[in-house]
Every structure is written in C-alpha cells, then in structure tokens.
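Participant: To be precise about what I am sending: the file is called entry-v4.cif and holds mmCIF, C-alpha atoms.
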```cif
data_work
#
loop_
_atom_site.label_atom_id
_atom_site.label_comp_id
_atom_site.auth_asym_id
_atom_site.auth_seq_id
_atom_site.Cartn_x
_atom_site.Cartn_y
_atom_site.Cartn_z
CA MET A 28 0.00 0.00 0.00
CA SER A 29 1.05 3.60 -0.60
CA LEU A 30 2.37 5.76 2.19
CA LYS A 31 0.04 8.65 2.95
CA ILE A 32 0.36 11.71 5.14
CA GLN A 33 -1.65 11.51 8.37
CA GLY A 34 -0.39 14.62 10.12
CA LEU A 35 1.54 17.75 9.22
CA GLU A 36 3.25 20.28 11.48
CA LEU A 37 5.02 23.50 10.51
CA ALA A 38 7.13 25.53 12.93
CA ASP A 39 8.63 28.87 11.89
CA PHE A 40 8.24 27.89 8.25
CA ARG A 41 7.65 30.68 5.72
CA SER A 42 4.71 32.76 7.02
CA TYR A 43 3.79 30.29 9.77
CA SER A 44 4.90 30.44 13.38
CA SER A 45 2.99 27.22 13.78
CA PHE A 46 0.50 25.17 11.80
CA THR A 47 -0.80 21.70 12.63
CA LEU A 48 -3.18 19.46 10.74
CA GLU A 49 -4.04 15.98 12.02
CA GLY A 50 -6.31 13.23 10.77
CA ILE A 51 -5.53 13.95 7.12
CA ASP A 52 -7.50 11.81 4.67
CA ASP A 53 -7.38 11.35 0.89
CA LEU A 54 -8.63 14.78 -0.18
CA THR A 55 -7.80 18.08 1.49
CA ILE A 56 -8.73 21.50 0.11
CA PHE A 57 -6.99 24.57 1.52
CA TYR A 58 -9.37 27.47 0.93
CA GLY A 59 -8.63 31.15 1.46
CA PRO A 60 -7.74 34.48 -0.16
CA ASN A 61 -4.56 35.10 -2.10
CA ALA A 62 -1.43 35.62 0.04
CA ALA A 63 -3.01 33.77 2.97
CA GLY A 64 -0.25 31.13 3.01
CA LYS A 65 -1.90 28.24 1.14
CA THR A 66 1.04 27.72 -1.24
CA ASN A 67 3.43 27.66 1.72
CA ILE A 68 1.64 24.55 2.99
CA ILE A 69 1.86 22.90 -0.44
CA GLU A 70 5.58 23.71 -0.55
CA ALA A 71 6.06 22.15 2.90
CA ILE A 72 4.30 18.96 1.75
CA GLN A 73 6.47 18.81 -1.37
CA LEU A 74 9.57 19.12 0.81
CA MET A 75 8.30 16.14 2.81
CA THR A 76 7.57 14.03 -0.29
CA ALA A 77 9.60 14.93 -3.38
CA LEU A 78 12.18 16.44 -0.99
CA THR A 79 12.45 19.59 -3.04
CA SER A 80 10.68 22.93 -3.50
CA PHE A 81 9.05 23.90 -6.79
CA ARG A 82 9.94 27.48 -5.85
CA ARG A 83 13.62 26.45 -5.83
CA ALA A 84 13.92 28.29 -2.52
CA LYS A 85 17.07 28.77 -0.51
CA THR A 86 16.97 27.46 3.06
CA GLU A 87 16.91 30.94 4.55
CA GLU A 88 13.81 31.72 2.48
CA LEU A 89 11.99 28.76 4.03
CA ILE A 90 12.56 29.95 7.60
CA LYS A 91 10.18 32.53 9.05
CA GLN A 92 11.75 35.95 8.60
CA GLY A 93 14.04 37.03 11.41
CA LEU A 94 14.32 33.60 13.03
CA PRO A 95 17.35 31.27 13.05
CA ARG A 96 15.65 27.95 12.30
CA GLY A 97 12.44 26.26 11.25
CA ARG A 98 10.94 22.79 11.00
CA VAL A 99 8.47 20.69 9.03
CA ARG A 100 7.27 17.35 10.36
CA ALA A 101 4.99 14.76 8.76
CA ASN A 102 3.52 11.55 10.16
CA VAL A 103 2.93 9.01 7.40
CA THR A 104 1.48 5.51 7.23
CA ASP A 105 0.57 2.78 4.76
CA GLY A 106 -1.69 1.02 7.25
CA ASN A 107 1.14 -1.14 8.56
CA ARG A 108 4.12 1.16 9.05
CA GLN A 109 4.07 4.39 11.03
CA LEU A 110 6.87 6.81 10.09
CA GLU A 111 7.82 10.27 11.28
CA LEU A 112 9.69 12.37 8.75
CA GLU A 113 11.20 15.69 9.80
CA LEU A 114 12.99 18.48 7.97
CA ARG A 115 15.15 20.73 10.14
CA LEU A 116 16.10 24.07 8.64
CA GLU A 117 19.00 26.19 9.84
CA ALA A 118 20.55 28.20 7.03
CA PRO A 119 22.30 27.17 4.96
CA ALA A 120 21.71 23.55 6.06
CA ARG A 121 18.71 21.27 5.59
CA GLU A 122 18.61 18.02 7.51
CA TYR A 123 16.14 15.17 7.04
CA TRP A 124 15.35 12.88 9.95
CA LEU A 125 13.37 9.63 9.80
CA ASN A 126 12.04 8.19 13.06
CA GLY A 127 14.53 10.26 15.04
CA LYS A 128 17.60 9.38 12.95
CA ARG A 129 19.30 11.73 10.51
CA ARG A 130 19.17 10.40 6.95
CA PRO A 131 20.91 11.53 3.73
CA ILE A 132 18.40 12.84 1.21
CA ASN A 133 19.32 10.23 -1.41
CA THR A 134 18.17 7.44 0.96
CA LEU A 135 14.70 9.01 1.22
CA LYS A 136 14.05 9.68 -2.46
CA GLY A 137 10.98 7.76 -3.60
CA LEU A 138 9.79 6.99 -0.06
CA ILE A 139 6.74 9.25 -0.48
CA PRO A 140 6.79 10.46 -4.09
CA SER A 141 4.68 13.40 -5.16
CA ILE A 142 3.51 15.26 -8.26
CA ILE A 143 2.90 19.00 -8.17
CA PHE A 144 0.77 20.99 -10.60
CA SER A 145 0.95 24.78 -10.22
CA PRO A 146 0.19 27.70 -12.54
CA GLU A 147 3.92 27.94 -13.30
CA ASP A 148 3.68 24.48 -14.90
CA LEU A 149 1.72 26.02 -17.77
CA SER A 150 5.20 27.14 -18.91
CA LEU A 151 5.95 23.48 -19.57
CA VAL A 152 4.93 23.88 -23.22
CA LYS A 153 5.76 27.50 -24.05
CA GLY A 154 8.59 27.95 -21.58
CA SER A 155 12.26 27.16 -21.86
CA ASP A 156 13.80 23.74 -22.46
CA SER A 157 15.40 24.01 -19.02
CA TYR A 158 11.91 24.02 -17.48
CA ARG A 159 11.00 20.83 -19.34
CA ARG A 160 14.30 19.19 -18.40
CA ARG A 161 13.70 20.02 -14.73
CA GLU A 162 10.25 18.43 -14.92
CA VAL A 163 11.67 15.14 -16.21
CA ASP A 164 14.56 15.26 -13.72
CA LEU A 165 12.17 15.80 -10.81
CA ILE A 166 10.36 12.58 -11.66
CA GLY A 167 13.56 10.70 -12.47
CA SER A 168 15.13 11.60 -9.14
CA GLN A 169 12.10 10.19 -7.30
CA VAL A 170 11.91 6.86 -9.13
CA ASN A 171 15.61 6.05 -9.42
CA ALA A 172 18.34 6.72 -6.85
CA ASN A 173 21.04 6.46 -9.55
CA TYR A 174 19.26 9.14 -11.58
CA TYR A 175 19.26 11.48 -8.61
CA GLN A 176 22.97 10.93 -7.94
CA LEU A 177 23.87 11.38 -11.61
CA MET A 178 21.89 14.61 -11.73
CA ARG A 179 23.72 15.94 -8.67
CA ASP A 180 27.12 14.89 -10.05
CA PHE A 181 26.41 16.52 -13.39
CA GLU A 182 25.29 19.78 -11.77
CA LYS A 183 28.55 19.95 -9.80
CA LEU A 184 30.67 19.24 -12.88
CA LEU A 185 28.77 21.84 -14.90
CA ARG A 186 29.33 24.51 -12.25
CA HIS A 187 33.01 23.57 -12.05
CA ARG A 188 33.50 23.64 -15.82
CA ASN A 189 31.73 27.01 -16.13
CA LYS A 190 33.98 28.39 -13.40
CA LEU A 191 37.07 27.21 -15.28
CA LEU A 192 35.78 29.02 -18.38
CA LYS A 193 35.18 32.17 -16.37
CA ASP A 194 38.64 31.93 -14.77
CA GLU A 195 40.26 31.53 -18.21
CA ALA A 196 41.77 28.16 -17.34
CA SER A 197 44.28 26.58 -19.72
CA ASP A 198 43.14 24.33 -22.56
CA ALA A 199 44.93 21.40 -20.90
CA LEU A 200 42.94 21.85 -17.67
CA LEU A 201 39.69 22.28 -19.59
CA ASP A 202 40.40 19.16 -21.66
CA SER A 203 40.94 17.13 -18.50
CA MET A 204 37.72 18.45 -16.98
CA THR A 205 35.84 17.85 -20.23
CA ASP A 206 36.76 14.13 -20.23
CA VAL A 207 34.96 13.64 -16.90
CA PHE A 208 32.11 15.95 -17.92
CA VAL A 209 31.41 13.95 -21.10
CA LYS A 210 31.23 10.61 -19.27
CA VAL A 211 28.69 11.85 -16.72
CA ALA A 212 26.81 13.82 -19.38
CA MET A 213 26.33 10.68 -21.47
CA GLN A 214 25.00 8.73 -18.50
CA LEU A 215 22.54 11.45 -17.51
CA THR A 216 21.28 11.88 -21.07
CA ASN A 217 20.75 8.14 -21.41
CA TYR A 218 18.77 8.02 -18.15
CA ARG A 219 16.73 11.08 -19.09
CA ARG A 220 15.97 9.83 -22.61
CA ALA A 221 14.96 6.37 -21.35
CA LEU A 222 12.64 7.89 -18.75
CA LEU A 223 10.99 10.21 -21.27
CA GLU A 224 10.56 7.34 -23.74
CA ARG A 225 8.76 5.42 -21.01
CA MET A 226 6.56 8.42 -20.21
CA ALA A 227 5.79 9.38 -23.81
CA PRO A 228 3.09 6.75 -24.55
CA HIS A 229 1.27 7.70 -21.33
CA ILE A 230 1.46 11.40 -22.23
CA SER A 231 0.15 10.78 -25.75
CA ALA A 232 -2.68 8.53 -24.57
CA ALA A 233 -3.79 10.97 -21.88
CA TYR A 234 -3.72 13.89 -24.31
CA GLU A 235 -5.72 12.00 -26.95
CA ASP A 236 -8.29 11.15 -24.27
CA ILE A 237 -8.60 14.77 -23.14
CA SER A 238 -8.68 16.20 -26.66
CA ASN A 239 -10.99 13.65 -28.31
CA GLY A 240 -8.35 11.85 -30.35
CA GLU A 241 -5.98 14.68 -31.31
CA PRO A 242 -2.45 13.19 -31.61
CA LEU A 243 0.47 14.36 -29.46
CA SER A 244 4.11 13.28 -29.79
CA VAL A 245 7.02 13.85 -27.42
CA SER A 246 10.67 13.91 -28.48
CA TYR A 247 14.06 14.30 -26.83
CA MET A 248 16.74 15.97 -28.95
CA THR A 249 20.49 16.47 -28.54
CA SER A 250 22.98 18.23 -30.79
CA TRP A 251 25.29 15.21 -30.49
CA GLU A 252 24.98 11.43 -30.79
CA ASP A 253 27.66 9.85 -28.60
CA ALA A 254 30.62 10.66 -26.35
CA ASN A 255 32.92 11.37 -29.31
CA SER A 256 30.50 13.77 -30.98
CA LEU A 257 29.82 15.55 -27.67
CA GLU A 258 33.54 15.99 -27.11
CA GLU A 259 33.91 17.31 -30.67
CA LYS A 260 31.02 19.72 -30.10
CA LEU A 261 32.66 21.07 -26.96
CA GLN A 262 35.91 21.57 -28.85
CA GLU A 263 34.12 23.40 -31.66
CA THR A 264 32.43 25.80 -29.25
CA ARG A 265 35.45 26.30 -26.97
CA GLU A 266 36.19 29.89 -28.04
CA LEU A 267 32.55 30.92 -27.74
CA GLU A 268 32.36 29.19 -24.37
CA ARG A 269 35.32 31.25 -23.17
CA VAL A 270 33.55 34.44 -24.22
CA ARG A 271 30.24 33.47 -22.61
CA HIS A 272 31.68 31.58 -19.61
CA LEU A 273 29.14 28.82 -20.25
CA THR A 274 29.20 25.18 -21.34
CA LEU A 275 27.35 25.14 -24.66
CA ALA A 276 26.76 21.41 -25.22
CA GLY A 277 25.55 18.56 -23.05
CA PRO A 278 22.41 17.61 -21.10
CA ASN A 279 22.18 21.24 -20.01
CA ARG A 280 21.36 22.13 -23.64
CA ASP A 281 19.19 19.18 -24.67
CA ARG A 282 15.68 19.85 -25.98
CA ILE A 283 12.32 18.30 -25.14
CA ALA A 284 9.53 19.07 -27.58
CA PHE A 285 5.78 18.44 -27.79
CA GLU A 286 4.06 18.30 -31.17
CA VAL A 287 0.28 18.45 -31.61
CA SER A 288 -0.84 17.03 -34.97
CA GLY A 289 2.75 17.33 -36.19
CA LEU A 290 3.20 21.00 -35.21
CA ASP A 291 5.36 22.35 -32.39
CA ALA A 292 3.01 22.91 -29.46
CA GLY A 293 5.02 25.81 -28.05
CA THR A 294 4.60 27.78 -31.26
CA PHE A 295 1.34 26.64 -32.84
CA ALA A 296 -0.88 25.14 -30.13
CA SER A 297 -3.74 27.15 -28.71
CA GLN A 298 -3.81 28.04 -25.03
CA GLY A 299 -6.37 25.29 -24.46
CA GLN A 300 -4.21 22.72 -26.25
CA GLN A 301 -1.17 23.76 -24.21
CA ARG A 302 -3.12 23.32 -20.98
CA SER A 303 -4.20 19.87 -22.16
CA VAL A 304 -0.55 18.93 -22.83
CA VAL A 305 0.45 19.95 -19.30
CA LEU A 306 -2.46 18.03 -17.80
CA ALA A 307 -1.50 14.98 -19.87
CA VAL A 308 2.10 15.20 -18.59
CA LYS A 309 0.89 15.25 -14.98
CA MET A 310 -1.37 12.26 -15.63
CA ALA A 311 1.55 10.39 -17.17
CA GLU A 312 3.78 11.18 -14.18
CA VAL A 313 1.23 9.67 -11.80
CA GLN A 314 1.08 6.50 -13.94
CA LEU A 315 4.86 6.27 -14.20
CA ILE A 316 5.44 6.51 -10.46
CA ASP A 317 2.71 3.95 -9.83
CA GLU A 318 4.33 1.57 -12.37
CA MET A 319 7.93 1.99 -11.24
CA LEU A 320 7.48 2.24 -7.47
CA ASP A 321 4.19 0.37 -7.07
CA GLN A 322 2.97 3.37 -5.11
CA LYS A 323 0.52 6.17 -5.79
CA PRO A 324 2.21 9.57 -5.49
CA VAL A 325 0.85 12.36 -3.33
CA LEU A 326 -0.80 14.90 -5.64
CA LEU A 327 -0.34 18.63 -5.00
CA LEU A 328 -2.58 21.01 -6.96
CA ASP A 329 -1.68 24.60 -6.20
CA ASP A 330 -4.30 27.06 -7.46
CA VAL A 331 -4.68 25.35 -10.85
CA MET A 332 -8.47 25.17 -10.85
CA SER A 333 -8.61 28.82 -11.91
CA GLU A 334 -6.29 28.08 -14.85
CA LEU A 335 -8.39 25.25 -16.31
CA ASP A 336 -11.80 25.38 -17.93
CA ALA A 337 -14.64 23.17 -16.69
CA ALA A 338 -13.89 20.29 -19.09
CA ARG A 339 -10.20 20.09 -18.12
CA ARG A 340 -11.03 20.42 -14.42
CA GLN A 341 -13.38 17.46 -14.81
CA ALA A 342 -10.75 15.45 -16.68
CA MET A 343 -8.25 16.14 -13.91
CA VAL A 344 -10.69 15.10 -11.19
CA GLU A 345 -11.62 11.88 -13.02
CA ARG A 346 -8.10 10.83 -14.03
CA LEU A 347 -5.86 12.07 -11.22
CA LEU A 348 -7.76 12.05 -7.95
CA PRO A 349 -9.07 8.44 -7.56
CA ASP A 350 -7.01 6.48 -4.98
CA THR A 351 -4.46 9.32 -4.82
CA GLN A 352 -3.95 11.41 -1.71
CA THR A 353 -4.51 14.94 -2.93
CA PHE A 354 -3.98 18.43 -1.53
CA ILE A 355 -5.58 21.34 -3.37
CA THR A 356 -5.39 25.09 -2.81
CA THR A 357 -8.02 27.49 -4.08
CA ALA A 358 -9.34 30.99 -3.58
CA ASN A 359 -12.71 30.01 -5.03
CA ILE A 360 -14.61 27.08 -3.55
CA GLU A 361 -17.15 27.27 -6.38
CA TYR A 362 -14.76 25.37 -8.66
CA PHE A 363 -15.75 22.18 -6.81
CA ASP A 364 -19.07 20.38 -7.10
CA GLN A 365 -21.04 19.38 -4.01
CA GLU A 366 -20.07 15.71 -4.25
CA MET A 367 -16.38 16.55 -4.20
CA LEU A 368 -16.79 18.99 -1.30
CA GLU A 369 -18.66 16.37 0.71
CA ARG A 370 -15.78 13.89 0.48
CA ALA A 371 -13.09 16.53 1.03
CA ARG A 372 -11.76 18.10 4.17
CA VAL A 373 -11.93 21.83 3.60
CA VAL A 374 -9.40 23.79 5.66
CA ASP A 375 -10.07 27.52 5.88
CA ILE A 376 -6.80 29.44 5.60
CA GLY A 377 -7.95 32.96 6.36
#
```
Go ahead and express the file in the form of structure tokens.
Facilitator:
Amino acid sequence: MSLKIQGLELADFRSYSSFTLEGIDDLTIFYGPNAAGKTNIIEAIQLMTALTSFRRAKTEELIKQGLPRGRVRANVTDGNRQLELELRLEAPAREYWLNGKRRPINTLKGLIPSIIFSPEDLSLVKGSDSYRRREVDLIGSQVNANYYQLMRDFEKLLRHRNKLLKDEASDALLDSMTDVFVKVAMQLTNYRRALLERMAPHISAAYEDISNGEPLSVSYMTSWEDANSLEEKLQETRELERVRHLTLAGPNRDRIAFEVSGLDAGTFASQGQQRSVVLAVKMAEVQLIDEMLDQKPVLLLDDVMSELDAARRQAMVERLLPDTQTFITTANIEYFDQEMLERARVVDIG
C-alpha cells in the first residue's frame, strides 16, 4: 500500500509560526484568499515528499523571517508502518530525519513520491527547455536513486567547468575536466531519454483522451549522438564558451519538444491545447510513479483550478484524484461540485 500523510506540522516555516493538521484523509482543500499562506503549505508537503521545492527556494527563504531555524514534520502511514519524517532548517543547512535518525536525502528519495501541478507548470509547453528538463529530472530523481545521484554529479561538474571558463583556465585543464564531464553527461542523457521514452506513450494517450483523439508526440533531442560527438562539439564551441563563460553542449542544452498534430506545441498550439498537454504530462507522471514504485504519489494542486476550464477540471478530477492522496489550494470554492466537497476536508486558511 502507498504511504500517505496523516499529520503535518510547521514551525517557523515561511509565514507560519505554527500550523498543525491531524487526521488527514485522501482529499484536502486549503481554501482562502490570495497571500493567505496556502502555497506555503503545499511547498512544505512537497519538501516532505519529493524532498524539493518547486519554488527552488534557498533554506533561509523557508525559515520565518528574522528567526534562526524552522521545521516541518509529517507523520505518514501505509496502514502497517508508522513513520515520522522531519525536515530541520538552519541556514544554509537542511537536515532530514526519519524516526529520530538523521538520513541523507538520497536514501529518502521515492519513499513518499509526489507530483505537483501549479500555474507555473503552464510554462511546460511555451517555456524554456530548461523548465522541461527540470520536470523530467524531478520525476527521475524520485523513481531512481542512480538518476538522482547522476543529476547531482552533473550539476557539480557543470558549475566547475563554467567556473574554469570564467577563470580563463588553460586548454589542458579544460580538456581534462571535459573528459569527466562527457562521461557523466552521457550517462545522464541516457537516463533522461529512457525515462521520457517510457513516459511518452502515457502522455500521448492521456492527451488524446482529453482532446478527443488529437495526436500528441514527445521527443528528446540532442545536438550530439555519442561521447565522441559531444567531445567534438565542446571543442568546436570552446572559443565561444570562453567568451560566454558557459558550457554550450551537453544535457544542459538538450531539448524536449511536444508536437500536436505534427506541429510544435510551443509555437502553434492554442492556449487550451497547451493546458491539455500539461495536464497529460501530470497524468503520465502519476502513472509512471505507480508503475515503477508500485505506489501512488501524493498529488499537489496549487491554485490550478482557476487556470483550467470546466472540461479540463473534470478530466483532472476523473483521471488524477481516484485512490491518490490529494492536496488542493483554491481561492474560489465554487470550482468544486457538491459531491467533491462532501468527500473533502476543507481547511479555511484565512
């Protein structure tokens, strides 16, 4: 059975001196005006599940202003196990503790996976390739510990190589660094491509279902084919890299594209089609985690009801919510029908 959150406690986290919610069931709706702190709760839950923040916040930004430390604690269960997960914040450090013992973050990845859908995710189609890469990496790091470690290793190597370019390091030093960079880059690209290829059929099927049969394809594109061609590409762009102080080839430059009926969705799709693509991606992520981890992810929907029309809201409710523990924020309770409100716990954040 899937692990689900039973209780949540915030202490000196973001806008909250304290916040406690016990007896959490499958569907919780946080209702209140804008700037009331609803998204802060969603962020705290994501930090307890995916172990990251969709806001990409620094530790000091997570701690209530003017205070030295903060804490988030979650009690979780699958009906058999009872676990207490805690995040201790004291800038710049973040420490995760499980049942009173400190644990490295890589040992907790995938324990309680989650999917988040926020208004910023509507940039998934029209936004930058880096946004799409981050989306795939977020899922990959939850379903595969090796993926997470590779991603971290690559990020360190990329920062180091960019610093060498900025510091005008010698060609010999850059060549040595590039050898290591290429090896890790190849591994990360292979993991990322394999994950996206596994997701793609789910994305296409979900989109066709939402859009009454309209076809959607997903592709992963690099400007190189293998380690040799990547190394050659880095040699070709070396002078430009020195000018820009940036690495111009590798997984940090790979492209992910969506095509609706053979046309690039970022350029030609309507706003409604783009929203359907994003919704299809989220549906596919839920399916992928269920397949790979045999566990339903926690679903976090942060103020997305206002961004979707009635048909897409209904599709989301029908395809995402069943058997999935879900937390929703909204400023307008009228987006929900009476049946859904009756089975939800509505928490007034005023």
Participant: Given the PyMOL selection byres ((chain A and resi 292-305) around 7) and the file above, list the residues it selects as a list of chain:residue names.
Facilitator: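 On the file shown, the PyMOL selection byres ((chain A and resi 292-305) around 7) covers A:Leu149, A:Leu151, A:Val152, A:Lys153, A:Tyr234, A:Ile237, A:Phe285, A:Glu286, A:Val287, A:Leu290, A:Asp291, A:Leu306, A:Ala307, A:Val308, A:Lys309.
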Participant: For the residues in the current selection, export C-alpha atoms as a PDB file, keeping the file's coordinate frame.
Facilitator:
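The resulting result_12.pdb:
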```pdb
ATOM      1  CA  LEU A 149       1.720  26.020 -17.770  1.00  0.00           C
ATOM      2  CA  LEU A 151       5.950  23.480 -19.570  1.00  0.00           C
ATOM      3  CA  VAL A 152       4.930  23.880 -23.220  1.00  0.00           C
ATOM      4  CA  LYS A 153       5.760  27.500 -24.050  1.00  0.00           C
ATOM      5  CA  TYR A 234      -3.720  13.890 -24.310  1.00  0.00           C
ATOM      6  CA  ILE A 237      -8.600  14.770 -23.140  1.00  0.00           C
ATOM      7  CA  PHE A 285       5.780  18.440 -27.790  1.00  0.00           C
ATOM      8  CA  GLU A 286       4.060  18.300 -31.170  1.00  0.00           C
ATOM      9  CA  VAL A 287       0.280  18.450 -31.610  1.00  0.00           C
ATOM     10  CA  LEU A 290       3.200  21.000 -35.210  1.00  0.00           C
ATOM     11  CA  ASP A 291       5.360  22.350 -32.390  1.00  0.00           C
ATOM     12  CA  LEU A 306      -2.460  18.030 -17.800  1.00  0.00           C
ATOM     13  CA  ALA A 307      -1.500  14.980 -19.870  1.00  0.00           C
ATOM     14  CA  VAL A 308       2.100  15.200 -18.590  1.00  0.00           C
ATOM     15  CA  LYS A 309       0.890  15.250 -14.980  1.00  0.00           C
TER      16      LYS A 309
END
```
Participant: Work out how far apart atom CA of Gly106 of chain A and atom CA of Lys65 of chain A are and give it in Å to one decimal.
Facilitator: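 Interatomic distance, atom CA of Gly106 of chain A to atom CA of Lys65 of chain A: 27.9 Å.
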Participant: For the file shown, report as JSON, numbers by chain the outcome of the PyMOL selection byres ((chain A and resi 171) around 10) at residue level.
Facilitator: {"A": [133, 136, 137, 166, 167, 168, 169, 170, 172, 173, 174, 175, 176, 218, 222, 319, 320]}
Participant: Okay, now the selection with C-alpha atoms, as a compact mmCIF listing (two decimals), in the coordinates of the input?
Facilitator:
```txt
# COMPACT_ATOMS: atom_id res chain seq x y z
CA ASN A 133 19.32 10.23 -1.41
CA LYS A 136 14.05 9.68 -2.46
CA GLY A 137 10.98 7.76 -3.60
CA ILE A 166 10.36 12.58 -11.66
CA GLY A 167 13.56 10.70 -12.47
CA SER A 168 15.13 11.60 -9.14
CA GLN A 169 12.10 10.19 -7.30
CA VAL A 170 11.91 6.86 -9.13
CA ALA A 172 18.34 6.72 -6.85
CA ASN A 173 21.04 6.46 -9.55
CA TYR A 174 19.26 9.14 -11.58
CA TYR A 175 19.26 11.48 -8.61
CA GLN A 176 22.97 10.93 -7.94
CA TYR A 218 18.77 8.02 -18.15
CA LEU A 222 12.64 7.89 -18.75
CA MET A 319 7.93 1.99 -11.24
CA LEU A 320 7.48 2.24 -7.47
```
Participant: Calculated over only C-alpha atoms, which of the candidates A:Ala71, A:Ile283, A:Leu125, A:Leu191 has the smallest distance to Val163 of chain A?
Facilitator: A:Ile283
Participant: Atom CA of Val374 of chain A and atom CA of Gly127 of chain A, how far apart in Å?
Facilitator: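 For atom CA of Gly127 of chain A relative to atom CA of Val374 of chain A, the distance reads 29.0 Å.
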Participant: Which one of A:Leu165, A:Met332, A:Leu192, A:Leu315 sits closest to Thr274 of chain A if you count all atoms listed in the file?
Facilitator: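 When distances to Thr274 of chain A are compared using all atoms listed in the file, the smallest one comes from A:Leu192.
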Participant: Leaving out Thr351 of chain A and any residue of its chain fewer than 3 positions from it, which residues lie within 7 Å of it when counting all atoms listed in the file, given as a JSON list (two decimals) with C-alpha atoms, in the frame of the given file?
Facilitator:
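Saved the output as part.json:
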```json
[["chain", "number", "residue", "atom", "x", "y", "z"],
["A", 53, "ASP", "CA", -7.38, 11.35, 0.89],
["A", 323, "LYS", "CA", 0.52, 6.17, -5.79],
["A", 324, "PRO", "CA", 2.21, 9.57, -5.49],
["A", 325, "VAL", "CA", 0.85, 12.36, -3.33],
["A", 326, "LEU", "CA", -0.80, 14.90, -5.64],
["A", 348, "LEU", "CA", -7.76, 12.05, -7.95]]
```
Participant: For this structure, which residues satisfy the selection - the PyMOL selection byres ((chain A and resi 39) around 6) - when it is evaluated on the file as given? I want them as an MDAnalysis selection string.
Facilitator: chainID A and resid 38 40 43:44 90:91 97
Participant: Separation of atom CA of His229 of chain A and atom CA of Ser333 of chain A, in Å?
Facilitator: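 Straight-line distance from atom CA of His229 of chain A to atom CA of Ser333 of chain A works out to 25.1 Å.
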Participant: Let me make sure I understand: among A:Ala284, A:Ala101, A:Val207, A:Leu257, which one has the smallest atom-to-atom distance to Leu223 of chain A if we use all atoms listed in the file?
Facilitator: A:Ala284
Participant: Tell me which protein, DNA and RNA residues are within 8 Å of segment 209-214 of chain A, counting all atoms listed in the file, leaving out same-chain ones fewer than 2 positions away, and put them as a ChimeraX atom specification.
Facilitator: /A:177,180-181,205-207,216-218,253-254,257-258,277-278
Participant: May I have the protein, DNA and RNA residues with any atom at most 10 Å from the point (-9.7, 26.1, 2.4), counting all atoms listed in the file, written as a ChimeraX atom specification?
Facilitator: /A:55-60,65,355-360,372-377
Participant: For Asp52 of chain A, which residue out of A:Glu88, A:Asp194, A:Asp350, A:Glu162 is the nearest one, using only C-alpha atoms?
Facilitator: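 Once distances to Asp52 of chain A are computed over only C-alpha atoms, the minimum belongs to A:Asp350.
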Participant: Once you add 4 Å to each side, what are the centre and edge lengths of the axis-aligned box holding all listed atoms of segment 101-111 of chain A? One decimal in Å, as lines of an AutoDock Vina configuration file, if you can.
Facilitator:
```
center_x = 3.1
center_y = 6.8
center_z = 8.0
size_x = 17.5
size_y = 23.9
size_z = 14.5
```
Participant: Restricting the calculation to all atoms listed in the file, which member of A:Thr66, A:Ser238, A:Ser45, A:Ser141 is positioned closest to Arg100 of chain A?
Facilitator: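 Of the candidates, the smallest distance to Arg100 of chain A is held by A:Ser45.
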Participant: Counting only C-alpha atoms, which residue out of A:Glu266, A:Glu113, A:Glu241, A:Glu224 sits closest to Glu195 of chain A?
Facilitator: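 For Glu195 of chain A, the nearest of the given residues is A:Glu266.
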Participant: Got a minute to add N, CA, C and O atoms to segment 345-356 of chain A and dump it as a compact mmCIF listing (two decimals), in the frame of the given file?
Facilitator:
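Saved to selection_38.txt:
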```txt
# COMPACT_ATOMS: atom_id res chain seq x y z
N GLU A 345 -11.33 13.28 -12.69
CA GLU A 345 -11.62 11.88 -13.02
C GLU A 345 -10.36 11.03 -13.17
O GLU A 345 -10.35 9.86 -12.80
N ARG A 346 -9.29 11.63 -13.71
CA ARG A 346 -8.10 10.83 -14.03
C ARG A 346 -7.04 10.86 -12.94
O ARG A 346 -6.27 9.91 -12.81
N LEU A 347 -6.95 11.93 -12.17
CA LEU A 347 -5.86 12.07 -11.22
C LEU A 347 -6.24 11.74 -9.78
O LEU A 347 -5.46 11.16 -9.04
N LEU A 348 -7.43 12.12 -9.37
CA LEU A 348 -7.76 12.05 -7.95
C LEU A 348 -8.07 10.65 -7.40
O LEU A 348 -7.76 10.38 -6.24
N PRO A 349 -8.70 9.73 -8.16
CA PRO A 349 -9.07 8.44 -7.56
C PRO A 349 -7.87 7.70 -6.96
O PRO A 349 -6.83 7.56 -7.59
N ASP A 350 -8.02 7.28 -5.70
CA ASP A 350 -7.01 6.48 -4.98
C ASP A 350 -5.70 7.23 -4.76
O ASP A 350 -4.68 6.61 -4.42
N THR A 351 -5.69 8.53 -4.99
CA THR A 351 -4.46 9.32 -4.82
C THR A 351 -4.68 10.36 -3.74
O THR A 351 -5.62 11.16 -3.82
N GLN A 352 -3.82 10.37 -2.73
CA GLN A 352 -3.95 11.41 -1.71
C GLN A 352 -3.65 12.76 -2.34
O GLN A 352 -2.60 12.95 -2.96
N THR A 353 -4.58 13.68 -2.19
CA THR A 353 -4.51 14.94 -2.93
C THR A 353 -4.69 16.13 -2.00
O THR A 353 -5.56 16.13 -1.12
N PHE A 354 -3.86 17.15 -2.24
CA PHE A 354 -3.98 18.43 -1.53
C PHE A 354 -4.18 19.52 -2.57
O PHE A 354 -3.40 19.64 -3.52
N ILE A 355 -5.22 20.32 -2.39
CA ILE A 355 -5.58 21.34 -3.37
C ILE A 355 -5.67 22.69 -2.67
O ILE A 355 -6.20 22.79 -1.56
N THR A 356 -5.17 23.73 -3.31
CA THR A 356 -5.39 25.09 -2.81
C THR A 356 -6.29 25.84 -3.78
O THR A 356 -6.22 25.63 -5.00
```
